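Q: Handing you this structure, nothing more for now.
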Amino acid sequence: MKFLFDLFPVILFFGMFKWSEGHPDAAQAFANDYLSSFVSGGVVSATQAPILLATAITIIANVGQIVYLLLKGKKVDAPLWMSLIIVGLFGGATIYFHNEAFIKWKPSILYWCFAAALFVSQTVFKKNLIRKMMEQQVSLPETAWQQLNWAWVLFFAAMGIVNLYVAFNFSTAAWVNFKLFGFMGLMLVFIIAQSVFLAKHIKTKP
């Protein structure tokens, strides 16, 4: 359930982009009605409407997630705050300058922030954040926890590079598809590979 909650903004981004592509006139009119005040020059073209609307709905979804958790009295995890800040800055720049390059950088910056947080916590503060998140579910020897942490560091760093490669070497539509399905596929492959590698160490807690 949490996975779908975390993925909610990405799904909305994908859905809005695809709808806008299929309804260019309606998307342009909608964007000009609701985004023109936030766009430099005050006019959104038909080609710009899909990415600007998708970006706007993503920002709204991120805000909505945090408001929902706060109203429920639940803790808002640091990654969610980080995501909101980054999508607000890069998404806001995309809308104002009507330049899709900013939002294309957003996943890479977010992944690299995750990698940096895991790296710094392990090397500087001697705290393993992956262990902190998972130790209530599984028990691993210290060496396995360290391997797991470094695996996630390398994975997030690589994901940031892959995102930029796809974003700036393929069409925006192809990048949008990859942003949802490609990243999910890579994440699934990584988790399966990691589970197989660590299977001999894992001892499920009762």
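Identifiers in this document derive from the order of the structure tokens: chains are assigned A, B, ..., residues are numbered from 1 separately in each chain, and ligands are numbered from 1 in order of occurrence.
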Give me, as a VMD selection string, the residues of stretch 25-205 of chain A that a backbone DSSP run labels helix (DSSP H, G or I).
A: chain A and resid 25 to 34 36 to 38 49 to 71 78 to 97 101 to 123 129 to 134 142 to 169 172 to 198
Q: Write the residues of the selection above to a file with C-alpha atoms, as a CSV table (one decimal), in the first residue's frame.
A:
chain,number,residue,atom,x,y,z
A,25,ASP,CA,-6.5,21.5,-27.9
A,26,ALA,CA,-8.2,20.8,-24.6
A,27,ALA,CA,-4.8,20.5,-22.8
A,28,GLN,CA,-3.6,23.9,-24.2
A,29,ALA,CA,-6.8,25.6,-23.2
A,30,PHE,CA,-6.7,24.1,-19.7
A,31,ALA,CA,-3.1,25.1,-19.3
A,32,ASN,CA,-3.7,28.6,-20.4
A,33,ASP,CA,-6.7,28.9,-18.0
A,34,TYR,CA,-4.9,27.7,-14.9
A,36,SER,CA,-0.7,31.2,-17.6
A,37,SER,CA,-0.3,33.3,-14.4
A,38,PHE,CA,2.7,31.1,-13.5
A,49,ALA,CA,1.0,21.9,-22.4
A,50,PRO,CA,1.5,18.2,-21.7
A,51,ILE,CA,4.8,18.5,-19.7
A,52,LEU,CA,3.6,21.6,-17.9
A,53,LEU,CA,0.3,20.1,-16.8
A,54,ALA,CA,2.0,16.9,-15.8
A,55,THR,CA,4.5,18.8,-13.8
A,56,ALA,CA,1.8,20.9,-12.1
A,57,ILE,CA,-0.3,17.8,-11.1
A,58,THR,CA,2.9,16.2,-9.7
A,59,ILE,CA,3.5,19.3,-7.4
A,60,ILE,CA,-0.1,19.2,-6.3
A,61,ALA,CA,0.1,15.5,-5.6
A,62,ASN,CA,3.2,15.9,-3.5
A,63,VAL,CA,1.6,18.6,-1.5
A,64,GLY,CA,-1.5,16.5,-1.1
A,65,GLN,CA,0.4,13.5,0.2
A,66,ILE,CA,2.0,15.6,3.0
A,67,VAL,CA,-1.2,17.3,3.9
A,68,TYR,CA,-3.0,14.0,4.1
A,69,LEU,CA,-0.3,12.5,6.4
A,70,LEU,CA,-0.3,15.6,8.6
A,71,LEU,CA,-4.1,15.5,8.9
A,78,ALA,CA,12.3,12.8,5.2
A,79,PRO,CA,12.3,11.4,1.6
A,80,LEU,CA,8.8,12.8,1.1
A,81,TRP,CA,9.8,16.3,2.3
A,82,MET,CA,12.9,16.0,0.1
A,83,SER,CA,10.8,15.1,-2.9
A,84,LEU,CA,8.5,18.0,-2.3
A,85,ILE,CA,11.3,20.5,-2.1
A,86,ILE,CA,13.0,19.2,-5.3
A,87,VAL,CA,9.8,18.9,-7.3
A,88,GLY,CA,8.8,22.3,-6.1
A,89,LEU,CA,12.1,23.9,-7.2
A,90,PHE,CA,12.6,22.0,-10.5
A,91,GLY,CA,8.9,21.7,-11.3
A,92,GLY,CA,8.3,25.4,-10.6
A,93,ALA,CA,11.2,26.3,-12.9
A,94,THR,CA,9.8,24.0,-15.6
A,95,ILE,CA,6.5,25.8,-15.4
A,96,TYR,CA,7.8,29.3,-15.2
A,97,PHE,CA,10.4,29.0,-17.9
A,101,ALA,CA,14.8,20.2,-18.9
A,102,PHE,CA,14.3,21.2,-15.3
A,103,ILE,CA,11.7,18.5,-14.5
A,104,LYS,CA,13.8,16.0,-16.3
A,105,TRP,CA,16.7,16.7,-13.9
A,106,LYS,CA,14.4,16.2,-10.9
A,107,PRO,CA,14.5,12.4,-10.6
A,108,SER,CA,18.3,12.4,-10.9
A,109,ILE,CA,18.7,15.0,-8.2
A,110,LEU,CA,16.3,13.1,-5.9
A,111,TYR,CA,18.1,9.8,-6.5
A,112,TRP,CA,21.5,11.4,-5.9
A,113,CYS,CA,20.2,13.0,-2.7
A,114,PHE,CA,19.1,9.5,-1.5
A,115,ALA,CA,22.5,8.1,-2.4
A,116,ALA,CA,24.3,10.9,-0.6
A,117,ALA,CA,22.2,10.5,2.5
A,118,LEU,CA,23.0,6.8,2.7
A,119,PHE,CA,26.6,7.4,2.0
A,120,VAL,CA,27.1,10.2,4.5
A,121,SER,CA,25.2,8.5,7.2
A,122,GLN,CA,27.3,5.3,6.9
A,123,THR,CA,30.7,6.9,6.5
A,129,LEU,CA,19.8,4.0,7.4
A,130,ILE,CA,18.8,0.8,5.5
A,131,ARG,CA,19.2,-1.1,8.7
A,132,LYS,CA,17.2,1.4,10.6
A,133,MET,CA,14.3,1.0,8.1
A,134,MET,CA,14.4,-2.8,7.8
A,142,GLU,CA,26.6,-6.4,10.3
A,143,THR,CA,28.6,-7.2,7.1
A,144,ALA,CA,25.3,-7.9,5.3
A,145,TRP,CA,23.8,-4.6,6.4
A,146,GLN,CA,26.8,-2.8,5.1
A,147,GLN,CA,26.6,-4.6,1.8
A,148,LEU,CA,22.9,-3.8,1.5
A,149,ASN,CA,23.5,-0.1,2.3
A,150,TRP,CA,26.3,0.2,-0.3
A,151,ALA,CA,24.2,-1.6,-2.9
A,152,TRP,CA,21.4,1.0,-2.4
A,153,VAL,CA,24.0,3.8,-2.7
A,154,LEU,CA,25.2,2.5,-6.0
A,155,PHE,CA,21.7,1.8,-7.2
A,156,PHE,CA,20.4,5.3,-6.6
A,157,ALA,CA,23.6,6.8,-8.1
A,158,ALA,CA,23.1,4.7,-11.2
A,159,MET,CA,19.4,5.5,-11.5
A,160,GLY,CA,20.3,9.2,-11.6
A,161,ILE,CA,22.7,8.6,-14.5
A,162,VAL,CA,20.2,6.4,-16.4
A,163,ASN,CA,17.5,9.0,-16.0
A,164,LEU,CA,19.6,11.7,-17.5
A,165,TYR,CA,20.7,9.5,-20.4
A,166,VAL,CA,17.1,8.6,-21.3
A,167,ALA,CA,15.8,12.2,-20.7
A,168,PHE,CA,18.3,13.9,-23.0
A,169,ASN,CA,18.8,11.2,-25.7
A,172,THR,CA,10.0,13.5,-23.9
A,173,ALA,CA,7.2,11.0,-24.4
A,174,ALA,CA,9.7,8.1,-24.2
A,175,TRP,CA,11.2,9.6,-21.0
A,176,VAL,CA,7.7,9.8,-19.5
A,177,ASN,CA,7.1,6.1,-20.2
A,178,PHE,CA,10.5,5.2,-18.8
A,179,LYS,CA,9.9,7.3,-15.7
A,180,LEU,CA,7.1,5.1,-14.7
A,181,PHE,CA,7.7,1.7,-16.3
A,182,GLY,CA,11.4,1.7,-16.7
A,183,PHE,CA,12.2,2.8,-13.1
A,184,MET,CA,9.7,0.4,-11.7
A,185,GLY,CA,11.2,-2.4,-13.7
A,186,LEU,CA,14.8,-1.6,-12.7
A,187,MET,CA,13.7,-1.3,-9.0
A,188,LEU,CA,12.0,-4.7,-9.2
A,189,VAL,CA,15.1,-6.3,-10.8
A,190,PHE,CA,17.3,-4.7,-8.1
A,191,ILE,CA,15.2,-5.9,-5.3
A,192,ILE,CA,15.0,-9.4,-6.6
A,193,ALA,CA,18.7,-9.6,-7.2
A,194,GLN,CA,19.4,-8.2,-3.7
A,195,SER,CA,17.0,-10.7,-2.1
A,196,VAL,CA,18.7,-13.6,-3.9
A,197,PHE,CA,22.1,-12.3,-2.8
A,198,LEU,CA,21.1,-11.9,0.8
Q: Running DSSP on the backbone, which parts of chain A land in strand (DSSP E or B), as a PyMOL selection string?
A: chain A and resi 138-139+203-204
